[in-house]
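A.B. asks: Take this structure, written in structure tokens, and hold onto it; I'll ask about it next.
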2 protein chains.
Amino acid sequence: MSDSLSERLKAEVTAPLQRFKKGSIIQKAGDLKTHAIYVKSGVLRSYVLDSNGKEHIYMFATEDWVIGDIEAMEYQQPAHLYIDCLEDAEVYIMEKDAFFSADMPKAQIISNLPYLFRRIGRLQRRVLMLMGSPAIDRYRYFLELYPELPNRIPQKMIASYLGIMPQTLSTLRSKIAEEA
Amino acid sequence: MSDSLSERLKAEVTAPLQRFKKGSIIQKAGDLKTHAIYVKSGVLRSYVLDSNGKEHIYMFATEDWVIGDIEAMEYQQPAHLYIDCLEDAEVYIMEKDAFFSADMPKAQIISNLPYLFRRIGRLQRRVLMLMGSPAIDRYRYFLELYPELPNRIPQKMIASYLGIMPQTLSTLRSKIAEEA
């Protein structure tokens, strides 16, 4: 089942389309205002830096995904996440209520709800995998979620998302290639 | 900010109140039908068993929390999570759409939405902490989220939720007690 949003998630896109070059940082940890970023083209990622300055990748967003910092948005905190562009990108930078606002018809709100439930479901899986799943299962789930990303982003970023060492990822890839 | 739901999350409670004894299992991994369980009293937890039979605790739910298996529910999969009672409990076992249904007034749907956004925000924090935060930060966040739980559940379950060894938790507790 695809998590692609274009057909399903209807937003009031009043924001202008914005273009960013690969490497651009759209949000920094500590920013006081956070947004929901709808990706029209390109690849974005969000990540944190831990107290040792190490990056941990929270998520990737490709065409038709929405990326943001929902914790900061919902609890009115400064941003926790950095968000940057791994490819040249076209995005709409929107307020949270672009997807769920009292001004919308009820039917539209109802039709956008599965997006939130699925996000929770995906995060449930991510937590459970981080806690107890072998690295190969996590990588398989990554491939299911982001089938085209291995060709678009550096391997070390996939390893960071999975919480494993780049060498481990390389071993997993060989193993999966042998099975195919 | 509290995550307590009673005032905020309005459900169509048509389900009967059910009572379970401490130790009762309400859902098993593999169950074909999953539910949203609203806790009126007691403590419930959800967990998975990994391929070595080790328990990993996904979440706890006390008074006014809702616990369930949203991944299974949303993707029509058999349950991944076990849900059991850590204290005698009174619960309402409901369908997902008890909280968000097209039959509800729009205002009620809108007023229930923050529950989903907060759940996503909490899960975002959980993922980021599992990836890169020191154990003491995770424990402090646990105390913020579940202030009264340390007196109600075994320490080893808190350790399992945090993804640390029980001995490590014991050291953290002493450290925090010294600071107080």
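Naming scheme: A, B, ... for chains in displayed order of the structure tokens; residues 1 onward per chain; ligands 1 onward as shown.
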Residues of chain A within 6 Å of chain B, using only C-alpha atoms, as a list of chain:residue names?
C.D. replies: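 That gives A:Asp50, A:Ile70, A:Glu71, A:Lys106, A:Ile120, A:Gly121, A:Val127, A:Gly132 for chain A.
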A.B. asks: Emit the selected residues as a PDB file, in the first residue's frame, including C-alpha atoms.
C.D. replies:
ATOM      1  CA  ASP A  50      23.015  14.350  19.173  1.00  0.00           C
ATOM      2  CA  ILE A  70       5.154  17.654  14.381  1.00  0.00           C
ATOM      3  CA  GLU A  71       6.396  17.530  17.954  1.00  0.00           C
ATOM      4  CA  LYS A 106     -16.110  17.725   6.718  1.00  0.00           C
ATOM      5  CA  ILE A 120       1.181   6.747  13.426  1.00  0.00           C
ATOM      6  CA  GLY A 121       1.210   3.185  12.091  1.00  0.00           C
ATOM      7  CA  VAL A 127       9.821   2.223  17.148  1.00  0.00           C
ATOM      8  CA  GLY A 132      13.996  -5.326  18.572  1.00  0.00           C
TER       9      GLY A 132
END
A.B. asks: Quick one: residues within 7 Å of Gly68 of chain A, only C-alpha atoms counted, chain neighbours fewer than 2 positions away excluded, as a ChimeraX atom specification?
C.D. replies: /A:35-37,66,70
A.B. asks: For N, CA and C atoms, I'd like the residues from the last selection saved as a short mmCIF file (atom, residue, chain, number, x, y, z; two decimals), in the first residue's frame.
C.D. replies:
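File written: part-v2.cif
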data_model
loop_
_atom_site.label_atom_id
_atom_site.label_comp_id
_atom_site.auth_asym_id
_atom_site.auth_seq_id
_atom_site.Cartn_x
_atom_site.Cartn_y
_atom_site.Cartn_z
N HIS A 35 7.02 24.39 9.96
CA HIS A 35 6.01 24.28 8.91
C HIS A 35 5.83 22.84 8.47
N ALA A 36 4.77 22.64 7.71
CA ALA A 36 4.57 21.36 7.03
C ALA A 36 5.06 21.57 5.59
N ILE A 37 6.00 20.78 5.16
CA ILE A 37 6.59 20.98 3.83
C ILE A 37 6.13 19.86 2.90
N VAL A 66 4.81 14.65 2.88
CA VAL A 66 4.86 15.85 3.69
C VAL A 66 5.89 15.61 4.79
N ILE A 70 6.49 17.62 13.77
CA ILE A 70 5.15 17.65 14.38
C ILE A 70 5.24 17.84 15.89
#
A.B. asks: When you count only C-alpha atoms, which of these residues is closest to Ser24 of chain B: B:Ala159, B:Lys175, B:Gly53, B:Asp84?
C.D. replies: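 Answer, going by the shortest atom-to-atom distance: B:Asp84.
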A.B. asks: I'd like the interatomic distance between atom CA of Leu44 of chain B and atom CA of Arg138 of chain B, to a tenth of an Å.
C.D. replies: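 For atom CA of Leu44 of chain B relative to atom CA of Arg138 of chain B, the distance reads 20.3 Å.
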A.B. asks: For Gln155 of chain B, list every protein, DNA or RNA residue within 12 Å, evaluated using only C-alpha atoms, and leave out those in the same chain fewer than 2 positions away; present the list as a list of chain:residue names.
C.D. replies: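 My reading of the contact set: B:Tyr139, B:Leu149, B:Pro150, B:Asn151, B:Arg152, B:Ile153, B:Met157, B:Ile158, B:Ala159, B:Ser160, B:Tyr161, B:Leu162, B:Ile164, B:Met165, B:Pro166, B:Gln167, B:Thr168, B:Leu169, B:Ser170, B:Thr171, B:Leu172, B:Arg173.
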A.B. asks: For the residues in the current selection, export C-alpha atoms as a JSON list (two decimals), in the first residue's frame.
C.D. replies:
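Generated file (part.json):
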[["chain", "number", "residue", "atom", "x", "y", "z"],
["B", 139, "TYR", "CA", 14.10, 8.18, 31.53],
["B", 149, "LEU", "CA", 3.94, 4.99, 36.71],
["B", 150, "PRO", "CA", 7.19, 4.30, 38.60],
["B", 151, "ASN", "CA", 5.06, 3.51, 41.67],
["B", 152, "ARG", "CA", 2.64, 1.28, 39.81],
["B", 153, "ILE", "CA", 4.69, -1.01, 37.57],
["B", 157, "MET", "CA", 9.12, -2.97, 32.50],
["B", 158, "ILE", "CA", 10.28, 0.63, 32.56],
["B", 159, "ALA", "CA", 13.72, -0.60, 31.48],
["B", 160, "SER", "CA", 12.14, -2.57, 28.63],
["B", 161, "TYR", "CA", 10.20, 0.51, 27.47],
["B", 162, "LEU", "CA", 13.40, 2.56, 27.52],
["B", 164, "ILE", "CA", 17.97, -0.37, 28.55],
["B", 165, "MET", "CA", 19.09, -2.99, 31.10],
["B", 166, "PRO", "CA", 17.33, -2.97, 34.50],
["B", 167, "GLN", "CA", 20.70, -2.33, 36.21],
["B", 168, "THR", "CA", 21.17, 0.79, 34.09],
["B", 169, "LEU", "CA", 17.76, 2.07, 35.16],
["B", 170, "SER", "CA", 18.65, 1.50, 38.80],
["B", 171, "THR", "CA", 21.80, 3.61, 38.36],
["B", 172, "LEU", "CA", 19.78, 6.38, 36.67],
["B", 173, "ARG", "CA", 17.26, 6.42, 39.49]]
A.B. asks: When DSSP is applied to the backbone of this structure, which of segment 53-144 of chain A are assigned strand (DSSP E or B)? Write them out as JSON, numbers by chain.
C.D. replies: {"A": [55, 56, 57, 58, 59, 60, 61, 66, 67, 68, 82, 83, 84, 85, 89, 90, 91, 92, 93, 94]}
A.B. asks: Would you write out those residues with N, CA and C atoms, as a CSV table (one decimal), in the first residue's frame?
C.D. replies:
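In the end it all went to result-v4.csv:
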chain,number,residue,atom,x,y,z
A,55,GLU,N,24.8,12.8,13.4
A,55,GLU,CA,23.5,12.9,12.8
A,55,GLU,C,22.7,11.6,12.9
A,56,HIS,N,21.4,11.8,13.2
A,56,HIS,CA,20.5,10.7,13.2
A,56,HIS,C,19.3,11.0,12.3
A,57,ILE,N,19.1,10.3,11.2
A,57,ILE,CA,18.1,10.7,10.2
A,57,ILE,C,16.7,10.2,10.7
A,58,TYR,N,15.8,11.1,10.8
A,58,TYR,CA,14.4,10.8,11.3
A,58,TYR,C,13.6,10.3,10.1
A,59,MET,N,13.5,11.0,9.0
A,59,MET,CA,12.8,10.5,7.8
A,59,MET,C,13.3,11.2,6.5
A,60,PHE,N,12.9,10.5,5.4
A,60,PHE,CA,13.1,11.1,4.1
A,60,PHE,C,11.7,11.4,3.5
A,61,ALA,N,11.7,12.4,2.6
A,61,ALA,CA,10.4,12.7,1.9
A,61,ALA,C,10.7,12.9,0.5
A,66,VAL,N,4.8,14.6,2.9
A,66,VAL,CA,4.9,15.9,3.7
A,66,VAL,C,5.9,15.6,4.8
A,67,ILE,N,6.8,16.6,5.0
A,67,ILE,CA,7.8,16.5,6.1
A,67,ILE,C,7.7,17.7,7.0
A,68,GLY,N,7.9,17.5,8.2
A,68,GLY,CA,7.9,18.6,9.2
A,68,GLY,C,8.3,18.1,10.6
A,82,TYR,N,16.5,19.3,11.9
A,82,TYR,CA,17.0,20.0,10.7
A,82,TYR,C,16.2,19.4,9.5
A,83,ILE,N,15.9,20.2,8.5
A,83,ILE,CA,15.3,19.6,7.3
A,83,ILE,C,16.2,20.2,6.1
A,84,ASP,N,16.7,19.3,5.3
A,84,ASP,CA,17.5,19.8,4.2
A,84,ASP,C,17.2,19.1,2.9
A,85,CYS,N,17.7,19.5,1.8
A,85,CYS,CA,17.4,19.0,0.5
A,85,CYS,C,18.6,18.1,0.0
A,89,ALA,N,15.0,20.7,-5.2
A,89,ALA,CA,13.6,20.3,-4.8
A,89,ALA,C,12.6,21.5,-5.1
A,90,GLU,N,11.4,21.1,-5.3
A,90,GLU,CA,10.3,22.1,-5.4
A,90,GLU,C,9.3,21.7,-4.3
A,91,VAL,N,9.0,22.7,-3.4
A,91,VAL,CA,8.1,22.4,-2.3
A,91,VAL,C,7.1,23.5,-2.0
A,92,TYR,N,6.1,23.1,-1.3
A,92,TYR,CA,5.1,24.1,-0.8
A,92,TYR,C,5.3,24.1,0.7
A,93,ILE,N,5.6,25.3,1.3
A,93,ILE,CA,5.8,25.4,2.7
A,93,ILE,C,4.6,25.9,3.3
A,94,MET,N,3.9,25.1,4.1
A,94,MET,CA,2.5,25.4,4.6
A,94,MET,C,2.3,25.4,6.1
A.B. asks: Between atom CA of Glu148 of chain A and atom CA of Arg45 of chain A, what is the spacing in Å?
C.D. replies: 14.6 Å
A.B. asks: Between atom CA of Asp137 of chain A and atom CA of Ala135 of chain B, what is the spacing in Å?
C.D. replies: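 So the answer is 24.7 Å.
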A.B. asks: If we count only C-alpha atoms, what is near Thr62 of chain A at a cut-off of 8 Å, once residues fewer than 5 positions away on the same chain are taken out, given as an NGL selection string?
C.D. replies: :A and (39-44)
A.B. asks: For those residues, write all heavy atoms to a file as a PDB file, in the first residue's frame.
C.D. replies:
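selection_6.pdb was written with the following content:
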ATOM      1  N   VAL A  39       6.351  18.058  -0.575  1.00  0.00           N
ATOM      2  CA  VAL A  39       7.391  17.910  -1.596  1.00  0.00           C
ATOM      3  C   VAL A  39       6.752  17.640  -2.958  1.00  0.00           C
ATOM      4  O   VAL A  39       6.067  16.634  -3.140  1.00  0.00           O
ATOM      5  CB  VAL A  39       8.356  16.752  -1.232  1.00  0.00           C
ATOM      6  CG1 VAL A  39       9.461  16.631  -2.280  1.00  0.00           C
ATOM      7  CG2 VAL A  39       8.948  16.976   0.154  1.00  0.00           C
ATOM      8  N   LYS A  40       6.979  18.558  -3.882  1.00  0.00           N
ATOM      9  CA  LYS A  40       6.464  18.360  -5.247  1.00  0.00           C
ATOM     10  C   LYS A  40       7.498  17.578  -6.061  1.00  0.00           C
ATOM     11  O   LYS A  40       7.155  16.688  -6.834  1.00  0.00           O
ATOM     12  CB  LYS A  40       6.170  19.707  -5.902  1.00  0.00           C
ATOM     13  CG  LYS A  40       5.560  19.585  -7.275  1.00  0.00           C
ATOM     14  CD  LYS A  40       4.918  20.890  -7.708  1.00  0.00           C
ATOM     15  CE  LYS A  40       4.288  20.759  -9.081  1.00  0.00           C
ATOM     16  NZ  LYS A  40       5.261  20.858 -10.181  1.00  0.00           N
ATOM     17  N   SER A  41       8.779  17.896  -5.890  1.00  0.00           N
ATOM     18  CA  SER A  41       9.832  17.110  -6.544  1.00  0.00           C
ATOM     19  C   SER A  41      11.099  17.175  -5.714  1.00  0.00           C
ATOM     20  O   SER A  41      11.290  18.113  -4.931  1.00  0.00           O
ATOM     21  CB  SER A  41      10.104  17.639  -7.960  1.00  0.00           C
ATOM     22  OG  SER A  41      10.743  18.905  -7.882  1.00  0.00           O
ATOM     23  N   GLY A  42      11.951  16.168  -5.865  1.00  0.00           N
ATOM     24  CA  GLY A  42      13.195  16.136  -5.104  1.00  0.00           C
ATOM     25  C   GLY A  42      13.121  15.226  -3.892  1.00  0.00           C
ATOM     26  O   GLY A  42      12.135  14.499  -3.705  1.00  0.00           O
ATOM     27  N   VAL A  43      14.186  15.236  -3.100  1.00  0.00           N
ATOM     28  CA  VAL A  43      14.239  14.436  -1.873  1.00  0.00           C
ATOM     29  C   VAL A  43      14.654  15.343  -0.725  1.00  0.00           C
ATOM     30  O   VAL A  43      15.671  16.042  -0.819  1.00  0.00           O
ATOM     31  CB  VAL A  43      15.277  13.287  -1.969  1.00  0.00           C
ATOM     32  CG1 VAL A  43      15.305  12.475  -0.667  1.00  0.00           C
ATOM     33  CG2 VAL A  43      15.000  12.369  -3.151  1.00  0.00           C
ATOM     34  N   LEU A  44      13.864  15.339   0.347  1.00  0.00           N
ATOM     35  CA  LEU A  44      14.228  16.055   1.572  1.00  0.00           C
ATOM     36  C   LEU A  44      14.473  15.042   2.684  1.00  0.00           C
ATOM     37  O   LEU A  44      14.016  13.895   2.601  1.00  0.00           O
ATOM     38  CB  LEU A  44      13.105  17.004   2.003  1.00  0.00           C
ATOM     39  CG  LEU A  44      13.110  18.407   1.375  1.00  0.00           C
ATOM     40  CD1 LEU A  44      12.858  18.329  -0.118  1.00  0.00           C
ATOM     41  CD2 LEU A  44      12.064  19.303   2.025  1.00  0.00           C
TER      42      LEU A  44
END
A.B. asks: When DSSP is applied to the backbone of this structure, which of chain A are assigned alpha helix (DSSP H)? Write them out as a PyMOL selection string.
C.D. replies: chain A and resi 70-74+106-132+135-145+155-162+166-179
A.B. asks: Pick out the closest residue to Leu86 of chain B from this set: B:Ala29, B:Tyr141, B:Phe20, B:Glu179. Count only C-alpha atoms.
C.D. replies: B:Phe20
